[in-house]
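This is upload.cif. It holds mmCIF, C-alpha atoms and all ligand atoms.
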```
data_final
loop_
_atom_site.group_PDB
_atom_site.id
_atom_site.type_symbol
_atom_site.label_atom_id
_atom_site.label_comp_id
_atom_site.auth_asym_id
_atom_site.auth_seq_id
_atom_site.Cartn_x
_atom_site.Cartn_y
_atom_site.Cartn_z
ATOM 1 C CA MET A 1136 0.000 0.000 0.000
ATOM 2 C CA PRO A 1137 1.449 3.411 -0.891
ATOM 3 C CA ILE A 1138 2.181 5.786 1.969
ATOM 4 C CA THR A 1139 0.099 8.926 1.838
ATOM 5 C CA VAL A 1140 0.363 12.202 3.723
ATOM 6 C CA LYS A 1141 -2.978 13.981 3.845
ATOM 7 C CA PRO A 1142 -3.293 17.395 5.518
ATOM 8 C CA LEU A 1143 -5.976 17.438 8.218
ATOM 9 C CA ASP A 1144 -8.959 19.723 7.871
ATOM 10 C CA ALA A 1145 -7.368 21.880 10.575
ATOM 11 C CA PRO A 1146 -4.789 24.670 10.967
ATOM 12 C CA LEU A 1147 -2.014 22.093 11.393
ATOM 13 C CA GLY A 1148 -1.401 18.389 11.136
ATOM 14 C CA ALA A 1149 -1.438 15.616 8.561
ATOM 15 C CA GLU A 1150 -2.587 12.033 8.577
ATOM 16 C CA ILE A 1151 -0.100 9.415 7.473
ATOM 17 C CA SER A 1152 -1.642 6.267 6.082
ATOM 18 C CA GLY A 1153 -0.316 3.102 4.526
ATOM 19 C CA LEU A 1154 2.518 2.958 7.029
ATOM 20 C CA ASP A 1155 3.161 0.327 9.690
ATOM 21 C CA ALA A 1156 5.159 2.141 12.363
ATOM 22 C CA ARG A 1157 6.827 -1.166 13.323
ATOM 23 C CA ASN A 1158 8.475 -1.435 9.979
ATOM 24 C CA ILE A 1159 10.005 1.769 8.687
ATOM 25 C CA THR A 1160 12.625 2.012 5.956
ATOM 26 C CA PRO A 1161 15.212 4.817 5.911
ATOM 27 C CA GLU A 1162 13.241 6.396 3.027
ATOM 28 C CA ASP A 1163 9.989 6.282 5.049
ATOM 29 C CA SER A 1164 11.821 7.783 7.991
ATOM 30 C CA LYS A 1165 13.027 10.730 5.935
ATOM 31 C CA MET A 1166 9.600 11.207 4.397
ATOM 32 C CA ILE A 1167 7.803 11.327 7.739
ATOM 33 C CA PHE A 1168 10.429 13.641 9.220
ATOM 34 C CA ASP A 1169 9.849 16.037 6.306
ATOM 35 C CA ALA A 1170 6.093 15.796 6.959
ATOM 36 C CA PHE A 1171 6.746 16.526 10.655
ATOM 37 C CA LEU A 1172 8.600 19.724 9.704
ATOM 38 C CA LYS A 1173 5.888 20.767 7.258
ATOM 39 C CA TYR A 1174 2.716 19.922 9.203
ATOM 40 C CA HIS A 1175 3.991 20.048 12.845
ATOM 41 C CA VAL A 1176 1.639 17.232 13.934
ATOM 42 C CA LEU A 1177 1.337 13.750 12.412
ATOM 43 C CA VAL A 1178 -1.554 11.372 13.062
ATOM 44 C CA LEU A 1179 -1.314 7.622 12.423
ATOM 45 C CA HIS A 1180 -4.128 5.164 13.068
ATOM 46 C CA ASP A 1181 -4.311 1.432 13.863
ATOM 47 C CA GLN A 1182 -0.770 1.126 15.164
ATOM 48 C CA HIS A 1183 -0.052 -1.682 17.602
ATOM 49 C CA LEU A 1184 3.454 -1.319 18.905
ATOM 50 C CA SER A 1185 5.422 -2.795 21.749
ATOM 51 C CA ASP A 1186 7.375 -0.354 23.903
ATOM 52 C CA ALA A 1187 10.574 -1.258 22.036
ATOM 53 C CA GLU A 1188 8.857 -0.661 18.688
ATOM 54 C CA LEU A 1189 7.547 2.722 19.842
ATOM 55 C CA VAL A 1190 11.077 3.738 20.818
ATOM 56 C CA GLU A 1191 12.390 2.633 17.410
ATOM 57 C CA PHE A 1192 9.666 4.637 15.679
ATOM 58 C CA GLY A 1193 10.574 7.711 17.750
ATOM 59 C CA LYS A 1194 14.114 7.561 16.374
ATOM 60 C CA CYS A 1195 12.782 8.711 12.966
ATOM 61 C CA PHE A 1196 12.574 12.180 14.526
ATOM 62 C CA GLY A 1197 15.770 12.352 16.582
ATOM 63 C CA THR A 1198 17.412 10.896 19.652
ATOM 64 C CA ILE A 1199 15.303 9.571 22.517
ATOM 65 C CA GLU A 1200 15.243 11.315 25.894
ATOM 66 C CA LYS A 1201 14.661 9.410 29.080
ATOM 67 C CA SER A 1202 11.583 9.684 31.253
ATOM 68 C CA ARG A 1203 12.009 11.165 34.735
ATOM 69 C CA ILE A 1204 10.039 8.294 36.209
ATOM 70 C CA VAL A 1205 10.035 4.620 35.203
ATOM 71 C CA SER A 1206 6.512 3.244 35.416
ATOM 72 C CA LYS A 1207 5.622 -0.317 36.329
ATOM 73 C CA LEU A 1208 3.367 -0.220 33.276
ATOM 74 C CA SER A 1209 6.436 -0.204 31.050
ATOM 75 C CA GLY A 1210 9.596 -0.844 33.055
ATOM 76 C CA ARG A 1211 11.664 1.125 30.526
ATOM 77 C CA ASP A 1212 13.311 4.461 31.154
ATOM 78 C CA ASP A 1213 12.795 5.604 27.558
ATOM 79 C CA ILE A 1214 9.000 5.275 27.778
ATOM 80 C CA MET A 1215 6.917 7.842 29.639
ATOM 81 C CA VAL A 1216 3.653 6.313 30.778
ATOM 82 C CA ILE A 1217 0.772 8.761 30.991
ATOM 83 C CA SER A 1218 -2.055 7.116 32.855
ATOM 84 C CA ASN A 1219 -4.624 7.377 35.618
ATOM 85 C CA ILE A 1220 -4.462 3.636 36.323
ATOM 86 C CA ARG A 1221 -3.823 3.251 40.057
ATOM 87 C CA GLU A 1222 -2.455 0.690 42.458
ATOM 88 C CA ASP A 1223 -3.303 1.166 46.147
ATOM 89 C CA GLY A 1224 -4.706 4.561 45.183
ATOM 90 C CA LYS A 1225 -1.410 5.723 43.636
ATOM 91 C CA PRO A 1226 -1.215 6.481 39.900
ATOM 92 C CA LEU A 1227 1.101 4.179 37.982
ATOM 93 C CA GLY A 1228 1.655 6.800 35.281
ATOM 94 C CA GLN A 1229 2.424 10.511 35.066
ATOM 95 C CA LEU A 1230 -0.048 13.317 34.288
ATOM 96 C CA PRO A 1231 -2.829 11.028 35.501
ATOM 97 C CA ASP A 1232 -5.955 13.115 35.822
ATOM 98 C CA GLY A 1233 -8.138 15.482 33.897
ATOM 99 C CA GLU A 1234 -7.595 18.712 32.117
ATOM 100 C CA MET A 1235 -4.163 20.174 31.340
ATOM 101 C CA SER A 1236 -3.397 23.763 30.352
ATOM 102 C CA PHE A 1237 -1.491 24.552 27.160
ATOM 103 C CA HIS A 1238 2.233 23.889 27.441
ATOM 104 C CA PHE A 1239 5.422 22.951 25.645
ATOM 105 C CA ASP A 1240 7.004 19.800 27.015
ATOM 106 C CA ARG A 1241 10.198 20.349 28.984
ATOM 107 C CA ILE A 1242 10.426 24.086 28.196
ATOM 108 C CA HIS A 1243 12.244 24.392 31.535
ATOM 109 C CA GLN A 1244 15.265 22.585 30.024
ATOM 110 C CA ALA A 1245 18.150 24.379 28.294
ATOM 111 C CA LYS A 1246 17.417 22.146 25.315
ATOM 112 C CA PRO A 1247 13.675 21.476 25.444
ATOM 113 C CA CYS A 1248 12.616 18.362 23.586
ATOM 114 C CA ARG A 1249 12.131 18.565 19.831
ATOM 115 C CA GLY A 1250 9.005 16.489 19.897
ATOM 116 C CA ALA A 1251 7.230 13.417 21.146
ATOM 117 C CA ALA A 1252 5.273 10.442 19.854
ATOM 118 C CA LEU A 1253 2.255 9.420 21.907
ATOM 119 C CA LEU A 1254 0.461 6.086 21.483
ATOM 120 C CA ALA A 1255 -3.078 5.505 22.799
ATOM 121 C CA LEU A 1256 -3.634 2.135 24.499
ATOM 122 C CA GLU A 1257 -6.756 2.753 26.591
ATOM 123 C CA ILE A 1258 -8.977 5.788 26.279
ATOM 124 C CA PRO A 1259 -12.094 7.078 28.028
ATOM 125 C CA LYS A 1260 -15.381 7.041 26.140
ATOM 126 C CA GLU A 1261 -15.536 10.803 26.361
ATOM 127 C CA GLY A 1262 -12.986 13.593 26.849
ATOM 128 C CA GLY A 1263 -9.251 13.299 27.314
ATOM 129 C CA ASP A 1264 -8.828 14.865 23.864
ATOM 130 C CA THR A 1265 -5.440 16.402 23.108
ATOM 131 C CA LEU A 1266 -5.397 19.881 21.554
ATOM 132 C CA PHE A 1267 -2.508 21.189 19.462
ATOM 133 C CA SER A 1268 -2.023 24.843 18.637
ATOM 134 C CA ASN A 1269 0.000 26.019 15.634
ATOM 135 C CA MET A 1270 2.480 28.504 17.086
ATOM 136 C CA VAL A 1271 3.972 29.467 13.710
ATOM 137 C CA LEU A 1272 0.545 30.638 12.621
ATOM 138 C CA ALA A 1273 0.006 32.239 16.031
ATOM 139 C CA TYR A 1274 3.244 34.205 15.606
ATOM 140 C CA GLU A 1275 2.544 35.187 12.008
ATOM 141 C CA THR A 1276 -0.900 36.574 12.878
ATOM 142 C CA LEU A 1277 0.257 38.758 15.782
ATOM 143 C CA PRO A 1278 -0.222 42.503 15.291
ATOM 144 C CA GLU A 1279 3.004 44.086 13.989
ATOM 145 C CA ALA A 1280 3.239 46.188 17.184
ATOM 146 C CA THR A 1281 3.229 43.003 19.297
ATOM 147 C CA LYS A 1282 5.858 41.376 17.081
ATOM 148 C CA ALA A 1283 8.005 44.488 17.606
ATOM 149 C CA LYS A 1284 7.408 44.371 21.362
ATOM 150 C CA ILE A 1285 8.583 40.754 21.689
ATOM 151 C CA ALA A 1286 11.439 40.965 19.159
ATOM 152 C CA GLY A 1287 14.706 39.828 20.732
ATOM 153 C CA ARG A 1288 13.098 39.263 24.148
ATOM 154 C CA THR A 1289 13.402 36.234 26.357
ATOM 155 C CA ALA A 1290 10.998 34.763 28.903
ATOM 156 C CA LEU A 1291 11.441 32.698 32.032
ATOM 157 C CA ASN A 1292 9.710 29.318 32.012
ATOM 158 C CA THR A 1293 9.188 27.274 35.156
ATOM 159 C CA PHE A 1294 8.119 23.702 35.591
ATOM 160 C CA THR A 1295 6.292 22.446 38.646
ATOM 161 C CA TYR A 1296 6.337 18.653 38.681
ATOM 162 C CA GLY A 1297 2.933 17.185 38.116
ATOM 163 C CA SER A 1298 1.119 20.507 37.785
ATOM 164 C CA THR A 1299 -1.520 20.685 35.100
ATOM 165 C CA ALA A 1300 -2.786 24.253 35.566
ATOM 166 C CA PRO A 1301 -0.967 27.563 36.229
ATOM 167 C CA ASP A 1302 -2.636 28.061 39.638
ATOM 168 C CA GLN A 1303 -1.108 24.831 40.980
ATOM 169 C CA LYS A 1304 2.348 26.374 41.213
ATOM 170 C CA ALA A 1305 3.097 25.708 44.853
ATOM 171 C CA GLU A 1306 6.865 25.578 44.668
ATOM 172 C CA ALA A 1307 8.894 26.426 41.613
ATOM 173 C CA GLY A 1308 10.774 23.614 39.926
ATOM 174 C CA PRO A 1309 13.484 23.894 37.276
ATOM 175 C CA GLN A 1310 13.526 27.075 35.217
ATOM 176 C CA CYS A 1311 14.971 28.245 31.926
ATOM 177 C CA GLU A 1312 14.967 31.392 29.822
ATOM 178 C CA HIS A 1313 14.173 31.115 26.122
ATOM 179 C CA PRO A 1314 13.292 33.465 23.260
ATOM 180 C CA VAL A 1315 9.640 34.616 23.262
ATOM 181 C CA ALA A 1316 9.620 33.875 19.544
ATOM 182 C CA ARG A 1317 12.016 31.193 18.356
ATOM 183 C CA THR A 1318 13.230 30.381 14.861
ATOM 184 C CA ILE A 1319 12.877 26.775 13.749
ATOM 185 C CA PRO A 1320 16.276 26.015 12.194
ATOM 186 C CA GLU A 1321 15.117 23.712 9.374
ATOM 187 C CA THR A 1322 12.360 25.989 8.082
ATOM 188 C CA GLY A 1323 13.548 29.458 9.152
ATOM 189 C CA LYS A 1324 10.018 30.119 10.458
ATOM 190 C CA LYS A 1325 9.362 31.959 13.672
ATOM 191 C CA SER A 1326 7.185 30.345 16.311
ATOM 192 C CA LEU A 1327 5.641 31.927 19.390
ATOM 193 C CA TYR A 1328 7.206 30.284 22.438
ATOM 194 C CA VAL A 1329 5.190 31.189 25.526
ATOM 195 C CA CYS A 1330 2.559 29.044 27.205
ATOM 196 C CA ARG A 1331 -0.078 29.327 29.912
ATOM 197 C CA LEU A 1332 1.271 26.579 32.135
ATOM 198 C CA MET A 1333 4.928 27.474 32.367
ATOM 199 C CA THR A 1334 5.798 30.993 31.163
ATOM 200 C CA GLU A 1335 6.293 33.152 34.262
ATOM 201 C CA GLN A 1336 7.907 36.386 33.152
ATOM 202 C CA ILE A 1337 8.911 38.235 30.008
ATOM 203 C CA ASN A 1338 12.305 39.706 30.738
ATOM 204 C CA GLY A 1339 12.830 43.476 30.582
ATOM 205 C CA LEU A 1340 9.186 44.305 31.369
ATOM 206 C CA ASP A 1341 7.831 45.130 34.804
ATOM 207 C CA GLY A 1342 5.731 42.470 36.521
ATOM 208 C CA GLN A 1343 2.358 43.850 35.555
ATOM 209 C CA GLU A 1344 3.275 44.598 31.948
ATOM 210 C CA SER A 1345 4.850 41.164 31.594
ATOM 211 C CA ARG A 1346 1.751 39.410 33.011
ATOM 212 C CA LYS A 1347 -0.500 41.355 30.675
ATOM 213 C CA LEU A 1348 1.609 40.486 27.631
ATOM 214 C CA ILE A 1349 1.833 36.780 28.554
ATOM 215 C CA ASP A 1350 -1.958 36.661 28.947
ATOM 216 C CA GLU A 1351 -2.440 38.485 25.649
ATOM 217 C CA LEU A 1352 -0.066 36.119 23.795
ATOM 218 C CA CYS A 1353 -1.619 33.001 25.375
ATOM 219 C CA ASP A 1354 -5.178 34.186 24.650
ATOM 220 C CA HIS A 1355 -4.140 34.752 21.038
ATOM 221 C CA ALA A 1356 -2.400 31.358 20.674
ATOM 222 C CA GLU A 1357 -5.313 29.465 22.237
ATOM 223 C CA ASN A 1358 -7.809 30.802 19.713
ATOM 224 C CA PRO A 1359 -9.635 27.827 18.148
ATOM 225 C CA LYS A 1360 -8.575 29.054 14.705
ATOM 226 C CA PHE A 1361 -5.047 27.775 15.451
ATOM 227 C CA ILE A 1362 -6.089 24.487 17.095
ATOM 228 C CA TYR A 1363 -6.480 20.879 16.069
ATOM 229 C CA ALA A 1364 -8.398 18.837 18.664
ATOM 230 C CA HIS A 1365 -7.657 15.112 18.498
ATOM 231 C CA LYS A 1366 -10.251 12.594 19.651
ATOM 232 C CA TRP A 1367 -8.237 9.497 20.371
ATOM 233 C CA LYS A 1368 -8.892 5.976 19.201
ATOM 234 C CA VAL A 1369 -6.934 3.018 20.532
ATOM 235 C CA GLY A 1370 -3.931 2.498 18.241
ATOM 236 C CA ASP A 1371 -3.546 6.169 17.312
ATOM 237 C CA ILE A 1372 -0.071 7.636 17.390
ATOM 238 C CA ILE A 1373 0.446 11.373 17.340
ATOM 239 C CA VAL A 1374 3.849 12.888 16.775
ATOM 240 C CA TRP A 1375 4.208 16.600 17.490
ATOM 241 C CA ASP A 1376 6.884 19.179 16.889
ATOM 242 C CA ASN A 1377 7.264 20.586 20.383
ATOM 243 C CA ARG A 1378 9.166 23.613 19.102
ATOM 244 C CA CYS A 1379 6.289 25.114 17.138
ATOM 245 C CA THR A 1380 3.161 23.571 18.681
ATOM 246 C CA GLN A 1381 1.866 23.713 22.215
ATOM 247 C CA HIS A 1382 -0.670 21.214 23.520
ATOM 248 C CA ALA A 1383 -3.365 20.797 26.155
ATOM 249 C CA ARG A 1384 -5.784 18.099 27.289
ATOM 250 C CA THR A 1385 -9.525 18.225 27.933
ATOM 251 C CA ASP A 1386 -11.086 16.827 31.084
ATOM 252 C CA PHE A 1387 -12.250 13.222 31.434
ATOM 253 C CA SER A 1388 -13.915 11.119 34.077
ATOM 254 C CA GLU A 1389 -11.785 9.653 36.855
ATOM 255 C CA THR A 1390 -13.928 6.541 36.665
ATOM 256 C CA GLU A 1391 -12.511 5.622 33.270
ATOM 257 C CA ARG A 1392 -9.065 4.296 32.489
ATOM 258 C CA ARG A 1393 -6.690 6.191 30.214
ATOM 259 C CA LEU A 1394 -3.331 4.712 29.219
ATOM 260 C CA MET A 1395 -0.903 6.349 26.817
ATOM 261 C CA LYS A 1396 2.774 5.738 26.179
ATOM 262 C CA ARG A 1397 5.153 8.424 24.992
ATOM 263 C CA VAL A 1398 8.637 8.560 23.593
ATOM 264 C CA THR A 1399 10.311 11.914 23.982
ATOM 265 C CA ILE A 1400 12.494 13.151 21.140
ATOM 266 C CA GLY A 1401 15.452 15.251 22.192
ATOM 267 C CA ASP A 1402 16.871 18.309 20.467
ATOM 268 C CA ASP A 1403 20.520 18.872 19.687
ATOM 269 C CA ARG A 1404 20.484 22.652 20.227
ATOM 270 C CA PRO A 1405 18.791 25.239 22.383
ATOM 271 C CA PRO A 1406 16.051 27.518 20.981
ATOM 272 C CA ILE A 1407 17.379 30.457 18.945
ATOM 273 C CA GLN A 1408 15.911 33.968 18.401
HETATM 274 C C1 LIG B 1 2.206 14.855 27.066
HETATM 275 C C2 LIG B 1 0.880 15.415 27.319
HETATM 276 C C3 LIG B 1 -1.423 15.007 26.897
HETATM 277 C C4 LIG B 1 -2.384 13.886 26.945
HETATM 278 O O1 LIG B 1 2.319 13.665 26.791
HETATM 279 O O2 LIG B 1 3.176 15.634 27.109
HETATM 280 O O3 LIG B 1 0.768 16.565 27.608
HETATM 281 O O4 LIG B 1 -3.327 13.929 26.165
HETATM 282 N N1 LIG B 1 -0.132 14.569 27.135
HETATM 283 O O5 LIG B 1 -2.243 13.017 27.799
HETATM 284 MN MN MN B 2 2.738 17.593 27.406
#
```
Full structure transcribed into structure tokens:
Amino acid sequence: MPITVKPLDAPLGAEISGLDARNITPEDSKMIFDAFLKYHVLVLHDQHLSDAELVEFGKCFGTIEKSRIVSKLSGRDDIMVISNIREDGKPLGQLPDGEMSFHFDRIHQAKPCRGAALLALEIPKEGGDTLFSNMVLAYETLPEATKAKIAGRTALNTFTYGSTAPDQKAEAGPQCEHPVARTIPETGKKSLYVCRLMTEQINGLDGQESRKLIDELCDHAENPKFIYAHKWKVGDIIVWDNRCTQHARTDFSETERRLMKRVTIGDDRPPIQ
């Protein structure tokens, strides 16, 4: 079956069909990496991969970063288990419950991850959708005055382990400063690089002005006109470019199981202005 790349009816993303993610040739790998750069989000259906096969698939997009926590549901340090499945009341996976605000994964690192591939194994009947926002489009559609205001600026991004909403920031975790708009090296495109969950401060502005600008940029980037909302089916894999998309999750019932496995794709350089 020929491999096809079909843009989604959305402001970003493409569906890849005719490809078995367990069995990828070097040519396929190059083709899907090019699609990743062009569409920012790739959707594959009906994929049934072991943990080892998911890790191999992730290597099409770069090197694999380790998970902070090894889950009993995988036993591997290169698989991040995202799940609300519990044992003795304790979640066996990370990011277990409910809604999550928009964020970039690992933006608190000096070299935040380039992307991730997420495989759905068990999903609730309703909710638990993942939303992706096109931050290249968000940047390009900013008013010129706002582009001028953020040009050359950096922002401080903080991660609080396990937090899923900005108001849960009890104690600050690791932090890193990055450009407010970053250039994606392969495409030369600029992408807005602030998010609701983790961006704390835009440097060089006073507290109030910074807060107002962060809110304004986040409100803009979270406009539905930049968003693809994915309703998961078991066997779906989504790969996202974490440099130029941010993502969020909708709420779902705690009475239903959700099990996802993720490989995290590292980057070889820090974000550039
Ligand atoms: C992630 C994440 C969202 C989801 O894997 O980084 O934010 O839908 N997951 O579980
Ligand atoms: Mn995430």
Subject >> Protein and nucleic acid residues within 9 Å of ligand MN 2 (chain B) (all atoms listed in the file) as an MDAnalysis selection string >> reply: chainID A and resid 1230 1235 1237:1241 1251 1377 1381:1384
**OP:** Point out the residue among A:Gly1148, A:Gly1287, A:Pro1161, A:Gly1153 with the least atom-to-atom distance to Arg1317 of chain A, counting all atoms listed in the file.
**Re:** A:Gly1287
The PyMOL selection byres (((not hetatm)) within 10 of (chain B and resi 1)) applied to the shown file, residues as a PDB file with C-alpha atoms, in the frame of the given file:
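File result.pdb, as written:
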```pdb
ATOM      1  CA  MET A1215       6.917   7.842  29.639  1.00  0.00           C
ATOM      2  CA  VAL A1216       3.653   6.313  30.778  1.00  0.00           C
ATOM      3  CA  ILE A1217       0.772   8.761  30.991  1.00  0.00           C
ATOM      4  CA  SER A1218      -2.055   7.116  32.855  1.00  0.00           C
ATOM      5  CA  ASN A1219      -4.624   7.377  35.618  1.00  0.00           C
ATOM      6  CA  GLN A1229       2.424  10.511  35.066  1.00  0.00           C
ATOM      7  CA  LEU A1230      -0.048  13.317  34.288  1.00  0.00           C
ATOM      8  CA  PRO A1231      -2.829  11.028  35.501  1.00  0.00           C
ATOM      9  CA  ASP A1232      -5.955  13.115  35.822  1.00  0.00           C
ATOM     10  CA  GLY A1233      -8.138  15.482  33.897  1.00  0.00           C
ATOM     11  CA  GLU A1234      -7.595  18.712  32.117  1.00  0.00           C
ATOM     12  CA  MET A1235      -4.163  20.174  31.340  1.00  0.00           C
ATOM     13  CA  SER A1236      -3.397  23.763  30.352  1.00  0.00           C
ATOM     14  CA  PHE A1237      -1.491  24.552  27.160  1.00  0.00           C
ATOM     15  CA  HIS A1238       2.233  23.889  27.441  1.00  0.00           C
ATOM     16  CA  PHE A1239       5.422  22.951  25.645  1.00  0.00           C
ATOM     17  CA  ASP A1240       7.004  19.800  27.015  1.00  0.00           C
ATOM     18  CA  ARG A1241      10.198  20.349  28.984  1.00  0.00           C
ATOM     19  CA  GLY A1250       9.005  16.489  19.897  1.00  0.00           C
ATOM     20  CA  ALA A1251       7.230  13.417  21.146  1.00  0.00           C
ATOM     21  CA  ALA A1252       5.273  10.442  19.854  1.00  0.00           C
ATOM     22  CA  LEU A1253       2.255   9.420  21.907  1.00  0.00           C
ATOM     23  CA  LEU A1254       0.461   6.086  21.483  1.00  0.00           C
ATOM     24  CA  ALA A1255      -3.078   5.505  22.799  1.00  0.00           C
ATOM     25  CA  ILE A1258      -8.977   5.788  26.279  1.00  0.00           C
ATOM     26  CA  GLY A1262     -12.986  13.593  26.849  1.00  0.00           C
ATOM     27  CA  GLY A1263      -9.251  13.299  27.314  1.00  0.00           C
ATOM     28  CA  ASP A1264      -8.828  14.865  23.864  1.00  0.00           C
ATOM     29  CA  THR A1265      -5.440  16.402  23.108  1.00  0.00           C
ATOM     30  CA  LEU A1266      -5.397  19.881  21.554  1.00  0.00           C
ATOM     31  CA  PHE A1267      -2.508  21.189  19.462  1.00  0.00           C
ATOM     32  CA  THR A1299      -1.520  20.685  35.100  1.00  0.00           C
ATOM     33  CA  HIS A1365      -7.657  15.112  18.498  1.00  0.00           C
ATOM     34  CA  LYS A1366     -10.251  12.594  19.651  1.00  0.00           C
ATOM     35  CA  TRP A1367      -8.237   9.497  20.371  1.00  0.00           C
ATOM     36  CA  ILE A1373       0.446  11.373  17.340  1.00  0.00           C
ATOM     37  CA  TRP A1375       4.208  16.600  17.490  1.00  0.00           C
ATOM     38  CA  ASN A1377       7.264  20.586  20.383  1.00  0.00           C
ATOM     39  CA  GLN A1381       1.866  23.713  22.215  1.00  0.00           C
ATOM     40  CA  HIS A1382      -0.670  21.214  23.520  1.00  0.00           C
ATOM     41  CA  ALA A1383      -3.365  20.797  26.155  1.00  0.00           C
ATOM     42  CA  ARG A1384      -5.784  18.099  27.289  1.00  0.00           C
ATOM     43  CA  THR A1385      -9.525  18.225  27.933  1.00  0.00           C
ATOM     44  CA  ASP A1386     -11.086  16.827  31.084  1.00  0.00           C
ATOM     45  CA  ARG A1393      -6.690   6.191  30.214  1.00  0.00           C
ATOM     46  CA  LEU A1394      -3.331   4.712  29.219  1.00  0.00           C
ATOM     47  CA  MET A1395      -0.903   6.349  26.817  1.00  0.00           C
ATOM     48  CA  LYS A1396       2.774   5.738  26.179  1.00  0.00           C
ATOM     49  CA  ARG A1397       5.153   8.424  24.992  1.00  0.00           C
ATOM     50  CA  VAL A1398       8.637   8.560  23.593  1.00  0.00           C
ATOM     51  CA  THR A1399      10.311  11.914  23.982  1.00  0.00           C
TER      52      THR A1399
END
```
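For Thr1276 of chain A, the residues within 12 Å (counting all atoms listed in the file, excluding itself and residues fewer than 2 positions away along the chain) are Asn1269, Met1270, Val1271, Leu1272, Ala1273, Tyr1274, Pro1278, Glu1279, Ala1280, Thr1281, Lys1282, Lys1325, Ser1326, Leu1327, Leu1352, His1355, Ala1356, Asn1358, Lys1360 and Phe1361 of chain A.
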Same residues, C-alpha atoms, output as a PDB file, keeping the file's coordinate frame:
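Heads up, here's the output in selection.pdb:
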```pdb
ATOM      1  CA  ASN A1269       0.000  26.019  15.634  1.00  0.00           C
ATOM      2  CA  MET A1270       2.480  28.504  17.086  1.00  0.00           C
ATOM      3  CA  VAL A1271       3.972  29.467  13.710  1.00  0.00           C
ATOM      4  CA  LEU A1272       0.545  30.638  12.621  1.00  0.00           C
ATOM      5  CA  ALA A1273       0.006  32.239  16.031  1.00  0.00           C
ATOM      6  CA  TYR A1274       3.244  34.205  15.606  1.00  0.00           C
ATOM      7  CA  PRO A1278      -0.222  42.503  15.291  1.00  0.00           C
ATOM      8  CA  GLU A1279       3.004  44.086  13.989  1.00  0.00           C
ATOM      9  CA  ALA A1280       3.239  46.188  17.184  1.00  0.00           C
ATOM     10  CA  THR A1281       3.229  43.003  19.297  1.00  0.00           C
ATOM     11  CA  LYS A1282       5.858  41.376  17.081  1.00  0.00           C
ATOM     12  CA  LYS A1325       9.362  31.959  13.672  1.00  0.00           C
ATOM     13  CA  SER A1326       7.185  30.345  16.311  1.00  0.00           C
ATOM     14  CA  LEU A1327       5.641  31.927  19.390  1.00  0.00           C
ATOM     15  CA  LEU A1352      -0.066  36.119  23.795  1.00  0.00           C
ATOM     16  CA  HIS A1355      -4.140  34.752  21.038  1.00  0.00           C
ATOM     17  CA  ALA A1356      -2.400  31.358  20.674  1.00  0.00           C
ATOM     18  CA  ASN A1358      -7.809  30.802  19.713  1.00  0.00           C
ATOM     19  CA  LYS A1360      -8.575  29.054  14.705  1.00  0.00           C
ATOM     20  CA  PHE A1361      -5.047  27.775  15.451  1.00  0.00           C
TER      21      PHE A1361
END
```
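Across the structure, atom CA of Leu1227 of chain A and atom CA of Ser1206 of chain A are spaced 6.1 Å apart.
Taking atom CA of Thr1380 of chain A and atom CA of Ser1268 of chain A as the two end points, the separation is 5.3 Å.
Non-sequential neighbours of segment 1193-1203 of chain A (distance at most 6 Å, separation of 6 or more positions within a chain, all atoms listed in the file) are Ser1164, Phe1168, Asp1212, Asp1213, Met1215, Thr1399, Ile1400 and Gly1401 of chain A.
Residues matching the PyMOL selection byres (((chain A and resi 1342-1351) around 10) and not hetatm) in this structure come to Thr1281, Lys1284, Ile1285, Ala1290, Val1315, Val1329, Cys1330, Arg1331, Thr1334, Glu1335, Gln1336, Ile1337, Asn1338, Gly1339, Leu1340, Asp1341, Leu1352, Cys1353, Asp1354, His1355 and Ala1356 of chain A.
Considering all atoms listed in the file, the residue among A:Leu1256, A:Pro1247, A:Val1190, A:Pro1359 positioned nearest to Leu1208 of chain A is A:Leu1256.
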Using all atoms listed in the file, find each residue of segment 1157-1272 of chain A with at least one atom at most 7 Å away from an atom of segment 1307-1311 of chain A; report its shortest atom-to-atom pair and that distance in Å (one decimal), sort the rows by chain and rising residue number, and return the result as JSON lines.
```
{"residue": "A:His1243", "atom": "CA", "partner": "A:Gln1310", "partner_atom": "CA", "distance": 4.7}
{"residue": "A:Gln1244", "atom": "CA", "partner": "A:Cys1311", "partner_atom": "CA", "distance": 6.0}
{"residue": "A:Ala1245", "atom": "CA", "partner": "A:Cys1311", "partner_atom": "CA", "distance": 6.2}
```
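Closest to Thr1160 of chain A among A:Glu1275, A:Asp1186, A:Glu1261, A:Glu1191 is A:Glu1191, based on only C-alpha atoms.
Across the structure, atom CA of Ile1138 of chain A and atom CA of Leu1184 of chain A are spaced 18.4 Å apart.
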**OP:** Run through the PyMOL selection byres (((chain A and resi 1147) around 8) and not hetatm) on the given coordinates and return the selected residues as a list in words.
**Re:** Pro1142, Leu1143, Ala1145, Pro1146, Gly1148, Ala1149, Tyr1174, His1175, Val1176, Ser1268, Asn1269, Phe1361, Ile1362 and Tyr1363 of chain A
Original post:
Using all atoms listed in the file, which residue out of A:Lys1207, A:Lys1246, A:Arg1404, A:Lys1141 lies closest to Pro1226 of chain A?
Top reply: A:Lys1207
